[in-house]
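Coordinates as given in coords-v4.cif (mmCIF, C-alpha atoms):
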data_entry
loop_
_atom_site.label_atom_id
_atom_site.label_comp_id
_atom_site.auth_asym_id
_atom_site.auth_seq_id
_atom_site.Cartn_x
_atom_site.Cartn_y
_atom_site.Cartn_z
CA MET A 1 0.00 0.00 0.00
CA LYS A 2 1.35 3.41 -0.94
CA GLU A 3 2.30 5.84 1.80
CA LYS A 4 -0.35 8.33 0.74
CA LYS A 5 -3.05 5.66 1.01
CA ARG A 6 -1.81 4.71 4.46
CA PHE A 7 -2.16 8.27 5.68
CA LEU A 8 -5.60 8.53 4.09
CA LEU A 9 -6.59 5.42 5.98
CA LEU A 10 -5.31 6.94 9.22
CA LEU A 11 -7.28 10.10 8.49
CA GLY A 12 -10.38 7.99 7.91
CA LEU A 13 -9.96 6.23 11.25
CA VAL A 14 -9.32 9.51 13.06
CA PHE A 15 -12.45 10.94 11.43
CA LEU A 16 -14.44 7.90 12.57
CA HIS A 17 -13.34 8.51 16.17
CA LEU A 18 -14.09 12.22 16.01
CA LEU A 19 -17.52 11.34 14.64
CA LEU A 20 -18.10 8.89 17.48
CA ILE A 21 -17.01 11.48 20.02
CA SER A 22 -19.08 14.27 18.49
CA ILE A 23 -22.34 12.30 18.26
CA GLN A 24 -22.17 11.81 22.02
CA VAL A 25 -22.15 15.51 22.71
CA PRO A 26 -25.87 16.25 22.20
CA ARG A 27 -26.80 12.91 23.77
CA GLY A 28 -25.05 13.68 27.05
CA ASN A 29 -23.95 10.51 28.84
CA GLU A 30 -26.29 8.21 26.97
CA PRO A 31 -24.24 5.58 25.13
CA THR A 32 -24.28 5.27 21.35
CA TYR A 33 -25.66 2.15 19.64
CA PHE A 34 -22.11 1.31 18.58
CA GLU A 35 -20.89 1.48 22.19
CA ARG A 36 -23.82 -0.70 23.26
CA ALA A 37 -22.95 -3.24 20.55
CA VAL A 38 -19.26 -3.46 21.55
CA PHE A 39 -20.28 -3.69 25.22
CA THR A 40 -22.71 -6.54 24.47
CA LEU A 41 -20.30 -8.34 22.13
CA PHE A 42 -17.36 -8.53 24.52
CA GLY A 43 -19.37 -9.01 27.71
CA PRO A 44 -19.46 -12.82 27.27
CA VAL A 45 -15.63 -12.94 27.00
CA GLU A 46 -15.33 -11.32 30.42
CA HIS A 47 -18.06 -13.63 31.73
CA GLY A 48 -16.18 -16.66 30.45
CA VAL A 49 -12.89 -15.60 32.02
CA VAL A 50 -14.49 -14.79 35.36
CA SER A 51 -16.48 -18.08 35.37
CA PHE A 52 -13.37 -20.08 34.51
CA PHE A 53 -11.30 -18.57 37.31
CA ARG A 54 -14.20 -18.80 39.76
CA GLY A 55 -14.48 -22.51 38.87
CA LEU A 56 -10.76 -22.98 39.54
CA LYS A 57 -11.02 -21.08 42.80
CA ASN A 58 -14.05 -23.13 43.86
CA PHE A 59 -12.31 -26.38 42.99
CA TRP A 60 -9.29 -25.34 45.03
CA GLY A 61 -11.38 -24.11 47.94
CA ASN A 62 -13.91 -26.97 47.92
CA TYR A 63 -11.73 -30.00 47.24
CA VAL A 64 -8.07 -29.17 47.87
CA TYR A 65 -7.43 -26.38 50.32
CA LEU A 66 -9.64 -27.30 53.27
CA ARG A 67 -7.54 -25.83 56.04
CA ASP A 68 -9.57 -23.78 58.56
CA VAL A 69 -12.83 -24.91 56.96
CA GLN A 70 -14.14 -26.31 60.23
CA ARG A 71 -13.38 -23.07 62.05
CA GLN A 72 -15.02 -21.01 59.26
CA ASN A 73 -18.02 -23.31 59.31
CA GLN A 74 -18.45 -22.81 63.04
CA SER A 75 -18.05 -19.06 62.69
CA LEU A 76 -20.71 -18.97 59.94
CA ARG A 77 -23.08 -21.11 62.04
CA ASP A 78 -22.63 -18.67 64.92
CA GLU A 79 -23.32 -15.73 62.63
CA ALA A 80 -26.38 -17.41 61.10
CA PHE A 81 -27.69 -18.13 64.59
CA ARG A 82 -27.15 -14.52 65.63
CA LEU A 83 -28.81 -13.19 62.46
CA ARG A 84 -31.81 -15.53 62.90
CA GLN A 85 -32.27 -14.25 66.46
CA GLU A 86 -31.92 -10.66 65.29
CA ASN A 87 -34.40 -11.28 62.48
CA MET A 88 -36.90 -12.82 64.88
CA THR A 89 -36.57 -9.91 67.32
CA LEU A 90 -37.07 -7.36 64.55
CA LYS A 91 -40.12 -9.21 63.22
CA ASN A 92 -41.61 -9.23 66.71
CA LEU A 93 -40.88 -5.54 67.07
CA LEU A 94 -42.53 -4.83 63.72
CA LEU A 95 -45.63 -6.75 64.80
CA LYS A 96 -46.16 -4.18 67.51
CA PHE A 97 -46.60 -1.49 64.89
CA GLN A 98 -48.29 -3.27 62.01
CA GLY A 99 -50.65 -6.18 61.39
CA SER A 100 -49.10 -9.60 60.72
CA LYS A 101 -50.55 -9.84 57.19
CA GLU A 102 -49.01 -6.53 56.18
CA ILE A 103 -45.70 -7.59 57.67
CA GLN A 104 -45.69 -10.91 55.83
CA GLU A 105 -46.30 -9.05 52.57
CA LEU A 106 -43.59 -6.53 53.38
CA LEU A 107 -41.05 -9.20 54.31
CA SER A 108 -41.73 -11.27 51.22
CA THR A 109 -41.22 -8.15 49.08
CA VAL A 110 -37.97 -7.33 50.89
CA SER A 111 -36.62 -10.87 50.38
CA ARG A 112 -37.40 -10.59 46.65
CA SER A 113 -35.88 -7.14 46.38
CA ILE A 114 -32.24 -8.20 46.31
CA LEU A 115 -30.44 -9.65 43.31
CA VAL A 116 -26.91 -10.95 43.83
CA ALA A 117 -24.52 -10.14 40.98
CA SER A 118 -20.84 -10.80 40.36
CA VAL A 119 -18.38 -8.09 39.40
CA VAL A 120 -16.85 -9.06 36.05
CA GLY A 121 -14.84 -5.98 35.27
CA ILE A 122 -13.46 -2.67 36.45
CA ASP A 123 -13.25 0.56 34.44
CA PRO A 124 -9.93 0.48 32.53
CA GLY A 125 -9.86 4.28 32.22
CA GLN A 126 -10.19 5.05 35.90
CA ILE A 127 -10.68 2.25 38.39
CA HIS A 128 -12.74 4.32 40.84
CA ARG A 129 -15.28 5.27 38.17
CA SER A 130 -17.33 2.17 37.33
CA ILE A 131 -17.61 -1.61 37.51
CA ARG A 132 -19.44 -4.13 35.35
CA LEU A 133 -21.83 -6.79 36.62
CA ASN A 134 -22.81 -10.16 35.14
CA LYS A 135 -26.52 -9.34 35.38
CA GLY A 136 -28.53 -7.23 32.95
CA THR A 137 -32.03 -6.43 31.75
CA GLY A 138 -32.73 -10.16 31.35
CA ASP A 139 -32.35 -10.53 35.11
CA GLY A 140 -34.56 -7.54 35.88
CA LEU A 141 -31.89 -4.86 36.17
CA ARG A 142 -32.73 -1.32 35.16
CA LYS A 143 -31.03 2.06 35.15
CA ASP A 144 -30.69 3.76 38.56
CA MET A 145 -31.05 0.60 40.64
CA VAL A 146 -29.02 0.83 43.83
CA VAL A 147 -25.98 -1.41 44.36
CA LEU A 148 -24.65 -2.43 47.79
CA ASP A 149 -21.63 -4.49 48.81
CA ARG A 150 -21.99 -7.73 50.78
CA ARG A 151 -22.05 -5.87 54.09
CA GLY A 152 -24.83 -3.55 52.93
CA TYR A 153 -22.68 -0.47 52.29
CA LEU A 154 -23.46 1.74 49.31
CA VAL A 155 -21.43 1.05 46.16
CA GLY A 156 -23.27 2.99 43.46
CA ARG A 157 -26.10 2.76 40.96
CA VAL A 158 -26.76 1.02 37.66
CA VAL A 159 -26.16 3.25 34.64
CA GLU A 160 -26.39 2.81 30.87
CA PRO A 161 -25.54 0.74 28.92
CA VAL A 162 -27.39 -2.24 30.36
CA SER A 163 -27.35 -5.24 28.04
CA ALA A 164 -29.39 -8.42 28.49
CA ARG A 165 -26.67 -10.13 30.51
CA GLU A 166 -24.37 -7.32 31.64
CA SER A 167 -24.64 -3.91 33.22
CA ARG A 168 -22.50 -1.01 34.32
CA VAL A 169 -22.46 0.50 37.78
CA GLN A 170 -21.34 4.05 38.49
CA LEU A 171 -19.38 4.00 41.75
CA ILE A 172 -19.96 6.67 44.39
CA SER A 173 -16.22 7.43 44.10
CA ASP A 174 -16.74 8.64 40.51
CA GLU A 175 -16.35 12.39 40.24
CA ASP A 176 -19.59 12.65 38.24
CA SER A 177 -21.64 10.81 40.85
CA GLY A 178 -23.80 12.69 43.32
CA VAL A 179 -25.54 11.21 46.35
CA GLY A 180 -27.85 13.04 48.74
CA VAL A 181 -26.43 12.35 52.20
CA LEU A 182 -26.68 13.32 55.86
CA THR A 183 -24.39 12.85 58.81
CA GLU A 184 -25.35 10.31 61.42
CA ARG A 185 -25.35 12.40 64.62
CA PHE A 186 -26.55 15.89 63.72
CA ARG A 187 -28.28 15.09 60.42
CA VAL A 188 -26.33 17.70 58.48
CA VAL A 189 -27.44 17.44 54.86
CA GLY A 190 -25.08 17.63 51.87
CA ILE A 191 -24.16 16.09 48.55
CA LEU A 192 -21.51 13.42 48.29
CA GLN A 193 -19.32 13.51 45.21
CA GLY A 194 -16.43 11.21 44.25
CA ASP A 195 -12.90 12.57 43.88
CA ALA A 196 -11.70 9.97 41.30
CA GLU A 197 -9.04 8.79 43.77
CA GLY A 198 -11.21 6.41 45.79
CA LYS A 199 -12.49 8.93 48.31
CA CYS A 200 -15.52 11.26 48.31
CA ARG A 201 -16.20 14.91 49.18
CA LEU A 202 -19.16 15.99 51.24
CA LYS A 203 -20.22 19.23 49.55
CA TYR A 204 -22.31 22.24 50.44
CA VAL A 205 -21.82 22.18 54.21
CA VAL A 206 -21.35 25.82 55.16
CA LYS A 207 -18.20 26.89 56.93
CA THR A 208 -20.14 28.18 59.94
CA ASN A 209 -21.58 24.73 60.64
CA ARG A 210 -19.90 23.37 63.77
CA GLU A 211 -21.83 20.13 63.99
CA VAL A 212 -19.93 18.02 61.46
CA GLN A 213 -17.08 16.09 63.03
CA VAL A 214 -14.28 13.78 61.94
CA ASP A 215 -15.06 10.06 62.27
CA GLU A 216 -18.78 10.65 61.92
CA GLU A 217 -20.71 8.23 59.74
CA VAL A 218 -22.37 9.42 56.53
CA LEU A 219 -25.68 7.91 55.38
CA THR A 220 -27.90 8.36 52.35
CA SER A 221 -30.62 10.97 52.89
CA GLY A 222 -33.02 9.71 50.23
CA LEU A 223 -33.49 13.28 48.99
CA ASP A 224 -31.88 12.63 45.60
CA GLY A 225 -34.75 10.43 44.45
CA ILE A 226 -32.46 7.51 43.62
CA TYR A 227 -30.97 6.08 46.80
CA PRO A 228 -33.17 4.95 49.72
CA SER A 229 -32.50 6.74 52.99
CA GLY A 230 -30.33 5.35 55.79
CA VAL A 231 -27.84 3.31 53.76
CA PRO A 232 -24.36 3.62 55.31
CA ILE A 233 -21.77 5.08 52.93
CA GLY A 234 -18.59 5.88 54.80
CA ARG A 235 -16.89 7.89 57.48
CA ILE A 236 -15.59 11.46 57.55
CA VAL A 237 -11.78 11.38 57.61
CA SER A 238 -10.89 15.07 57.40
CA ILE A 239 -12.46 18.52 57.51
CA ALA A 240 -10.71 21.60 56.13
CA GLU A 241 -11.96 25.15 56.23
CA ASP A 242 -9.75 26.70 53.58
CA ALA A 243 -12.58 27.37 51.17
CA GLU A 244 -14.52 30.63 51.34
CA LEU A 245 -18.07 29.46 51.82
CA PHE A 246 -18.17 25.69 52.32
CA LYS A 247 -16.12 23.22 54.32
CA GLU A 248 -13.93 20.72 52.51
CA ILE A 249 -15.01 17.41 53.97
CA VAL A 250 -13.38 14.17 52.86
CA VAL A 251 -15.31 10.95 53.30
CA GLU A 252 -13.75 7.51 53.05
CA PRO A 253 -16.31 5.07 51.57
CA TYR A 254 -16.81 1.78 53.39
CA PHE A 255 -16.83 -0.35 50.27
CA ASP A 256 -13.50 -1.80 49.22
CA LEU A 257 -12.90 -2.11 45.49
CA SER A 258 -10.45 -4.99 45.90
CA ASP A 259 -13.00 -6.90 48.00
CA LEU A 260 -15.88 -6.31 45.59
CA ASP A 261 -16.43 -9.79 44.24
CA GLN A 262 -20.20 -9.91 44.64
CA VAL A 263 -22.72 -7.15 45.13
CA ALA A 264 -26.43 -6.86 45.94
CA VAL A 265 -28.65 -4.92 43.55
CA LEU A 266 -31.90 -3.57 44.98
CA ILE A 267 -34.34 -4.47 42.24
CA VAL A 268 -37.31 -3.08 44.19
CA ASP A 269 -37.39 0.56 45.18
CA LEU A 270 -37.20 0.33 48.97
CA ARG A 271 -38.78 3.78 49.26
CA ASP A 272 -42.02 2.22 48.00
CA LEU A 273 -42.08 -0.14 50.98
CA SER A 274 -42.07 2.48 53.70
CA MET B 1 -6.12 -14.08 7.01
CA ARG B 2 -3.53 -15.40 9.45
CA HIS B 3 -2.68 -11.85 10.49
CA ILE B 4 -6.32 -11.08 11.24
CA ALA B 5 -6.64 -14.27 13.29
CA GLU B 6 -3.52 -13.27 15.24
CA GLY B 7 -5.01 -9.83 15.82
CA VAL B 8 -8.27 -11.30 17.11
CA VAL B 9 -6.34 -13.63 19.44
CA GLY B 10 -4.36 -10.61 20.65
CA ILE B 11 -7.54 -8.65 21.42
CA VAL B 12 -9.13 -11.59 23.25
CA LEU B 13 -5.92 -12.07 25.25
CA ALA B 14 -5.97 -8.39 26.20
CA VAL B 15 -9.58 -8.70 27.44
CA VAL B 16 -8.71 -11.87 29.37
CA LEU B 17 -5.65 -10.28 30.95
CA HIS B 18 -7.58 -7.10 31.75
CA THR B 19 -10.30 -9.15 33.48
CA ILE B 20 -7.80 -11.24 35.46
CA LEU B 21 -5.82 -8.20 36.61
CA GLY B 22 -9.00 -6.45 37.75
CA LYS B 23 -10.01 -9.52 39.71
CA VAL B 24 -6.60 -10.02 41.33
CA PHE B 25 -6.05 -6.43 42.46
CA ALA B 26 -7.87 -3.48 40.90
CA PRO B 27 -4.97 -0.93 41.02
CA LEU B 28 -2.95 -3.26 38.78
CA LEU B 29 -5.14 -2.00 35.92
CA ILE B 30 -3.56 1.43 36.29
CA VAL B 31 -0.06 0.05 35.76
CA PHE B 32 -0.73 -2.80 33.32
CA ASN B 33 -2.56 -1.65 30.19
CA ALA B 34 -2.92 -4.88 28.21
CA PHE B 35 -4.71 -3.08 25.36
CA SER B 36 -1.69 -0.83 24.77
CA TRP B 37 0.62 -3.85 24.82
CA VAL B 38 -1.34 -5.50 22.02
CA VAL B 39 -1.48 -2.33 19.90
CA LEU B 40 2.23 -1.63 20.24
CA TYR B 41 3.22 -5.24 19.62
CA PHE B 42 1.20 -5.45 16.41
CA GLY B 43 2.24 -1.95 15.35
CA LEU B 44 5.91 -2.93 15.64
CA SER B 45 5.58 -6.33 14.04
CA ARG B 46 2.90 -5.72 11.38
CA HIS B 47 3.46 -2.00 10.72
CA GLU B 48 1.21 1.03 10.54
CA VAL B 49 -2.00 -0.07 8.81
CA PHE B 50 -2.44 -3.15 10.95
CA GLY B 51 -1.29 -1.14 14.00
CA ALA B 52 -3.91 1.54 13.33
CA PHE B 53 -6.71 -1.03 12.99
CA MET B 54 -5.58 -2.82 16.14
CA GLY B 55 -5.49 0.56 17.88
CA THR B 56 -9.05 1.30 16.78
CA ALA B 57 -10.31 -2.12 17.90
CA CYS B 58 -8.51 -2.18 21.25
CA GLY B 59 -9.17 1.48 22.00
CA LEU B 60 -12.91 1.27 21.29
CA LEU B 61 -13.11 -1.93 23.29
CA GLN B 62 -11.39 -0.24 26.21
CA ASP B 63 -13.75 2.72 25.84
CA SER B 64 -16.79 0.44 25.90
CA PHE B 65 -15.61 -1.01 29.22
CA SER B 66 -15.17 2.49 30.61
CA MET B 67 -17.57 5.24 31.62
CA GLY B 68 -15.42 7.87 29.93
CA VAL B 69 -16.13 9.44 26.54
CA PHE B 70 -16.47 6.68 23.93
CA GLY B 71 -13.85 7.16 21.24
CA VAL B 72 -11.14 9.00 23.18
CA GLY B 73 -9.17 5.85 24.01
CA GLY B 74 -9.79 4.62 20.47
CA LEU B 75 -8.37 7.80 18.95
CA ALA B 76 -5.26 7.72 21.16
CA LYS B 77 -4.62 4.05 20.44
CA THR B 78 -5.19 4.40 16.67
CA LEU B 79 -2.50 7.08 16.56
CA LEU B 80 -0.30 4.90 18.77
CA GLY B 81 -0.63 1.86 16.51
CA PHE B 82 -0.03 3.89 13.36
CA GLY B 83 2.91 5.77 14.91
CA ALA B 84 4.55 2.59 16.16
CA GLY B 85 4.32 0.94 12.73
CA TYR B 86 5.26 3.98 10.66
CA ILE B 87 8.28 5.11 12.70
CA SER B 88 9.60 1.57 13.16
CA ARG B 89 9.67 1.23 9.37
CA LYS B 90 11.67 4.45 9.03
CA ILE B 91 14.22 3.86 11.79
CA ASN B 92 15.83 0.68 13.02
CA VAL B 93 14.35 -0.18 16.40
CA THR B 94 15.28 -3.86 16.52
CA PRO B 95 18.12 -3.68 19.15
CA VAL B 96 16.70 -4.27 22.64
CA THR B 97 17.59 -0.86 24.12
CA ARG B 98 16.23 0.98 21.10
CA THR B 99 13.00 -1.04 21.20
CA TYR B 100 12.59 -0.22 24.88
CA ILE B 101 13.23 3.52 24.49
CA PHE B 102 11.05 3.73 21.38
CA VAL B 103 8.11 1.93 23.02
CA LEU B 104 8.59 3.92 26.24
CA ALA B 105 8.31 7.18 24.28
CA LEU B 106 5.22 6.00 22.38
CA ALA B 107 3.51 4.68 25.53
CA ALA B 108 4.19 8.00 27.28
CA VAL B 109 2.79 9.97 24.31
CA GLU B 110 -0.31 7.77 24.18
CA LEU B 111 -0.93 8.18 27.91
CA PHE B 112 -0.45 11.92 27.62
CA LEU B 113 -2.76 12.17 24.61
CA TRP B 114 -5.47 10.05 26.21
CA LYS B 115 -5.40 11.97 29.49
CA PHE B 116 -5.07 15.32 27.70
CA LEU B 117 -8.23 14.66 25.65
CA GLU B 118 -10.14 13.58 28.75
CA LEU B 119 -8.80 16.38 30.89
CA PHE B 120 -8.95 19.43 28.66
CA LEU B 121 -11.57 18.61 26.07
CA PHE B 122 -14.04 16.79 28.27
CA GLY B 123 -13.26 18.32 31.66
CA GLU B 124 -12.64 15.01 33.38
CA ARG B 125 -10.46 15.00 36.45
CA PHE B 126 -6.93 13.58 36.16
CA SER B 127 -6.32 10.72 38.54
CA ALA B 128 -2.65 9.90 39.02
CA ALA B 129 -3.57 7.18 41.54
CA GLY B 130 -0.75 8.21 43.85
CA GLY B 131 1.76 8.31 40.98
CA LEU B 132 0.98 4.71 39.93
CA ILE B 133 0.00 5.86 36.47
CA LEU B 134 3.56 7.02 35.83
CA LEU B 135 4.63 3.39 36.00
CA GLN B 136 2.40 2.51 33.04
CA PRO B 137 4.78 3.60 30.20
CA PRO B 138 7.92 1.84 31.56
CA ILE B 139 5.98 -1.36 32.29
CA THR B 140 4.34 -1.24 28.85
CA ALA B 141 7.75 -0.69 27.25
CA LEU B 142 9.21 -3.64 29.16
CA VAL B 143 6.43 -6.08 28.25
CA VAL B 144 6.30 -5.05 24.58
CA THR B 145 10.09 -5.13 24.24
CA VAL B 146 10.26 -8.66 25.65
CA ALA B 147 7.37 -9.87 23.44
CA PHE B 148 8.82 -8.21 20.33
CA GLN B 149 12.32 -9.58 20.94
CA VAL B 150 11.02 -13.10 21.60
CA ARG B 151 9.05 -12.98 18.35
CA ARG B 152 12.07 -11.64 16.43
CA ARG B 153 14.32 -14.40 17.77
CA MET B 154 11.75 -17.08 17.01
CA GLU B 155 11.46 -15.82 13.45
CA ALA B 156 15.27 -15.70 13.09
CA ARG B 157 15.52 -19.31 14.32
CA ARG B 158 12.87 -20.42 11.86
CA SER B 159 14.49 -18.81 8.81
#
Written as structure tokens, that's how I'd like the structure from this file.
Amino acid sequence: MKEKKRFLLLLGLVFLHLLLISIQVPRGNEPTYFERAVFTLFGPVEHGVVSFFRGLKNFWGNYVYLRDVQRQNQSLRDEAFRLRQENMTLKNLLLKFQGSKEIQELLSTVSRSILVASVVGIDPGQIHRSIRLNKGTGDGLRKDMVVLDRRGYLVGRVVEPVSARESRVQLISDEDSGVGVLTERFRVVGILQGDAEGKCRLKYVVKTNREVQVDEEVLTSGLDGIYPSGVPIGRIVSIAEDAELFKEIVVEPYFDLSDLDQVAVLIVDLRDLS
Amino acid sequence: MRHIAEGVVGIVLAVVLHTILGKVFAPLLIVFNAFSWVVLYFGLSRHEVFGAFMGTACGLLQDSFSMGVFGVGGLAKTLLGFGAGYISRKINVTPVTRTYIFVLALAAVELFLWKFLELFLFGERFSAAGGLILLQPPITALVVTVAFQVRRRMEARRS
């Protein structure tokens, strides 16, 4: 191929990319059909790799490496016993406030509201921005569904594109994410935004506010219309007052990206249950 | 046809490696960019046209896995693949040290271009991940140099 043709080809490819970039501008963050297609096409490859390695890990854990299994088993039995007792106590407490039929309905809805999904990939551009799950629209996932880690701490929400068998989750540590939050003790309201480095900033708390303190827990407020209220997010690690109007509050999220193997997606809007 | 098959295998390997690294320890993805390895390797060994197509495929794939602007990674990697192939045809980069320095320079340019587009054109925040991102070009250069030299020696043995 002649050199001129080669450069023309390069120009063509560059033009294709510029076109792809430019058609996203009026659409905002909504993905293009092309992006959706690539996402759907290569999703199964990631699935396959993750399933293969999970199979290997399970084989190793279930049949070969059985050290400490008895101790773990006992510890899980103890935890299950404790959780059963706690569950029973809470049910009894609920009965004091509502009729048993209503409670049975509520509890059955709650137990159906959680879908467990595996994390199959992390954002290659910026690891604190998004993750990909092995569940999609075929499993009942939709945009804006809330995602929690295995301890019930907030991870993020489902965003586009969502294919039949895969979906993307925007993490709360993403700089474009915004969560309505309040502090645990004095209920100071603010907006939590990611800082792209794994931490978050609690915004719009005025400098004159003396009630926010380091080590205080931050919870969702439910005011953003996406996240249900009362979900634990993280803890305040530092407060600076350098800015003119608002405090600079850094929050360390509870969820750990390296420990994010499985997550729980709330497929029912918990705000509808209250 | 064989070249295309090799390219497809390269892309699948990059996806596999990317998935494994993310599962093992997420910050490894900042240092090890398997998509860039594949683009540079094919750019050096199959020259600019193949390098540019590999760059487009790998870059768009990387973009589809990311929440960033779709096409930015693709653009940076297309230029990377083309540049690697075109310059390596003009100058001799076969000695090990030259390969390393050449790939290091290209990987640094690609990283700069990618982050520049995200940072200045799309207003996204630059995340250096505690300086970890600076390790990406030297690691990329090391991996690609080893792969390229192994391939070169295998070909020399065969002929």
**OP:** Please evaluate the PyMOL selection byres ((chain A and resi 161) around 8) against the displayed coordinates and give the resulting residues as a PyMOL selection string.
**Re:** chain A and resi 30-31+36+39+159-160+162-163+167-168
Original post:
Neighbours of segment 110-116 of chain B within 7 Å (only C-alpha atoms; same-chain residues fewer than 5 positions away dropped), as a PyMOL selection string?
Top reply: chain B and resi 72-73+76-77+80
Original post:
chain A residues within 9 Å of chain B, counting all atoms listed in the file: which ones, as an MDAnalysis selection string?
Top reply: chainID A and resid 6:7 9:10 13:14 16:21 24 29 31:32 35:39 42:43 45:46 48:50 53 119:127 129:132 168 170 175:176 195:198 257:261
Export, as a PDB file, in the coordinates of the input, the selected residues with C-alpha atoms.
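Heads up, here's the output in again_5.pdb:
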ATOM      1  CA  ARG A   6      -1.810   4.710   4.460  1.00  0.00           C
ATOM      2  CA  PHE A   7      -2.160   8.270   5.680  1.00  0.00           C
ATOM      3  CA  LEU A   9      -6.590   5.420   5.980  1.00  0.00           C
ATOM      4  CA  LEU A  10      -5.310   6.940   9.220  1.00  0.00           C
ATOM      5  CA  LEU A  13      -9.960   6.230  11.250  1.00  0.00           C
ATOM      6  CA  VAL A  14      -9.320   9.510  13.060  1.00  0.00           C
ATOM      7  CA  LEU A  16     -14.440   7.900  12.570  1.00  0.00           C
ATOM      8  CA  HIS A  17     -13.340   8.510  16.170  1.00  0.00           C
ATOM      9  CA  LEU A  18     -14.090  12.220  16.010  1.00  0.00           C
ATOM     10  CA  LEU A  19     -17.520  11.340  14.640  1.00  0.00           C
ATOM     11  CA  LEU A  20     -18.100   8.890  17.480  1.00  0.00           C
ATOM     12  CA  ILE A  21     -17.010  11.480  20.020  1.00  0.00           C
ATOM     13  CA  GLN A  24     -22.170  11.810  22.020  1.00  0.00           C
ATOM     14  CA  ASN A  29     -23.950  10.510  28.840  1.00  0.00           C
ATOM     15  CA  PRO A  31     -24.240   5.580  25.130  1.00  0.00           C
ATOM     16  CA  THR A  32     -24.280   5.270  21.350  1.00  0.00           C
ATOM     17  CA  GLU A  35     -20.890   1.480  22.190  1.00  0.00           C
ATOM     18  CA  ARG A  36     -23.820  -0.700  23.260  1.00  0.00           C
ATOM     19  CA  ALA A  37     -22.950  -3.240  20.550  1.00  0.00           C
ATOM     20  CA  VAL A  38     -19.260  -3.460  21.550  1.00  0.00           C
ATOM     21  CA  PHE A  39     -20.280  -3.690  25.220  1.00  0.00           C
ATOM     22  CA  PHE A  42     -17.360  -8.530  24.520  1.00  0.00           C
ATOM     23  CA  GLY A  43     -19.370  -9.010  27.710  1.00  0.00           C
ATOM     24  CA  VAL A  45     -15.630 -12.940  27.000  1.00  0.00           C
ATOM     25  CA  GLU A  46     -15.330 -11.320  30.420  1.00  0.00           C
ATOM     26  CA  GLY A  48     -16.180 -16.660  30.450  1.00  0.00           C
ATOM     27  CA  VAL A  49     -12.890 -15.600  32.020  1.00  0.00           C
ATOM     28  CA  VAL A  50     -14.490 -14.790  35.360  1.00  0.00           C
ATOM     29  CA  PHE A  53     -11.300 -18.570  37.310  1.00  0.00           C
ATOM     30  CA  VAL A 119     -18.380  -8.090  39.400  1.00  0.00           C
ATOM     31  CA  VAL A 120     -16.850  -9.060  36.050  1.00  0.00           C
ATOM     32  CA  GLY A 121     -14.840  -5.980  35.270  1.00  0.00           C
ATOM     33  CA  ILE A 122     -13.460  -2.670  36.450  1.00  0.00           C
ATOM     34  CA  ASP A 123     -13.250   0.560  34.440  1.00  0.00           C
ATOM     35  CA  PRO A 124      -9.930   0.480  32.530  1.00  0.00           C
ATOM     36  CA  GLY A 125      -9.860   4.280  32.220  1.00  0.00           C
ATOM     37  CA  GLN A 126     -10.190   5.050  35.900  1.00  0.00           C
ATOM     38  CA  ILE A 127     -10.680   2.250  38.390  1.00  0.00           C
ATOM     39  CA  ARG A 129     -15.280   5.270  38.170  1.00  0.00           C
ATOM     40  CA  SER A 130     -17.330   2.170  37.330  1.00  0.00           C
ATOM     41  CA  ILE A 131     -17.610  -1.610  37.510  1.00  0.00           C
ATOM     42  CA  ARG A 132     -19.440  -4.130  35.350  1.00  0.00           C
ATOM     43  CA  ARG A 168     -22.500  -1.010  34.320  1.00  0.00           C
ATOM     44  CA  GLN A 170     -21.340   4.050  38.490  1.00  0.00           C
ATOM     45  CA  GLU A 175     -16.350  12.390  40.240  1.00  0.00           C
ATOM     46  CA  ASP A 176     -19.590  12.650  38.240  1.00  0.00           C
ATOM     47  CA  ASP A 195     -12.900  12.570  43.880  1.00  0.00           C
ATOM     48  CA  ALA A 196     -11.700   9.970  41.300  1.00  0.00           C
ATOM     49  CA  GLU A 197      -9.040   8.790  43.770  1.00  0.00           C
ATOM     50  CA  GLY A 198     -11.210   6.410  45.790  1.00  0.00           C
ATOM     51  CA  LEU A 257     -12.900  -2.110  45.490  1.00  0.00           C
ATOM     52  CA  SER A 258     -10.450  -4.990  45.900  1.00  0.00           C
ATOM     53  CA  ASP A 259     -13.000  -6.900  48.000  1.00  0.00           C
ATOM     54  CA  LEU A 260     -15.880  -6.310  45.590  1.00  0.00           C
ATOM     55  CA  ASP A 261     -16.430  -9.790  44.240  1.00  0.00           C
TER      56      ASP A 261
END
Original post:
In Å to one decimal, how far is atom CA of Cys58 of chain B from atom CA of Arg153 of chain B?
Top reply: 26.1 Å
Original post:
Could you name the residues that touch Phe255 of chain A at 8 Å or less, counting only C-alpha atoms, but leaving out those on the same chain fewer than 6 positions away, as a PyMOL selection string?
Top reply: chain A and resi 149+153-155+233-234
Selection file, C-alpha atoms, as a CSV table (one decimal), in the frame of the given file:
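Result saved to selection_28.csv:
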chain,number,residue,atom,x,y,z
A,149,ASP,CA,-21.6,-4.5,48.8
A,153,TYR,CA,-22.7,-0.5,52.3
A,154,LEU,CA,-23.5,1.7,49.3
A,155,VAL,CA,-21.4,1.0,46.2
A,233,ILE,CA,-21.8,5.1,52.9
A,234,GLY,CA,-18.6,5.9,54.8
Could you tell me which residues the PyMOL selection byres ((chain A and resi 239) around 8) returns for this structure, as a tab-separated table (two decimals) with C-alpha atoms, in the coordinates of the input?
chain	number	residue	atom	x	y	z
A	213	GLN	CA	-17.08	16.09	63.03
A	214	VAL	CA	-14.28	13.78	61.94
A	236	ILE	CA	-15.59	11.46	57.55
A	237	VAL	CA	-11.78	11.38	57.61
A	238	SER	CA	-10.89	15.07	57.40
A	240	ALA	CA	-10.71	21.60	56.13
A	241	GLU	CA	-11.96	25.15	56.23
A	247	LYS	CA	-16.12	23.22	54.32
A	248	GLU	CA	-13.93	20.72	52.51
A	249	ILE	CA	-15.01	17.41	53.97
A	250	VAL	CA	-13.38	14.17	52.86
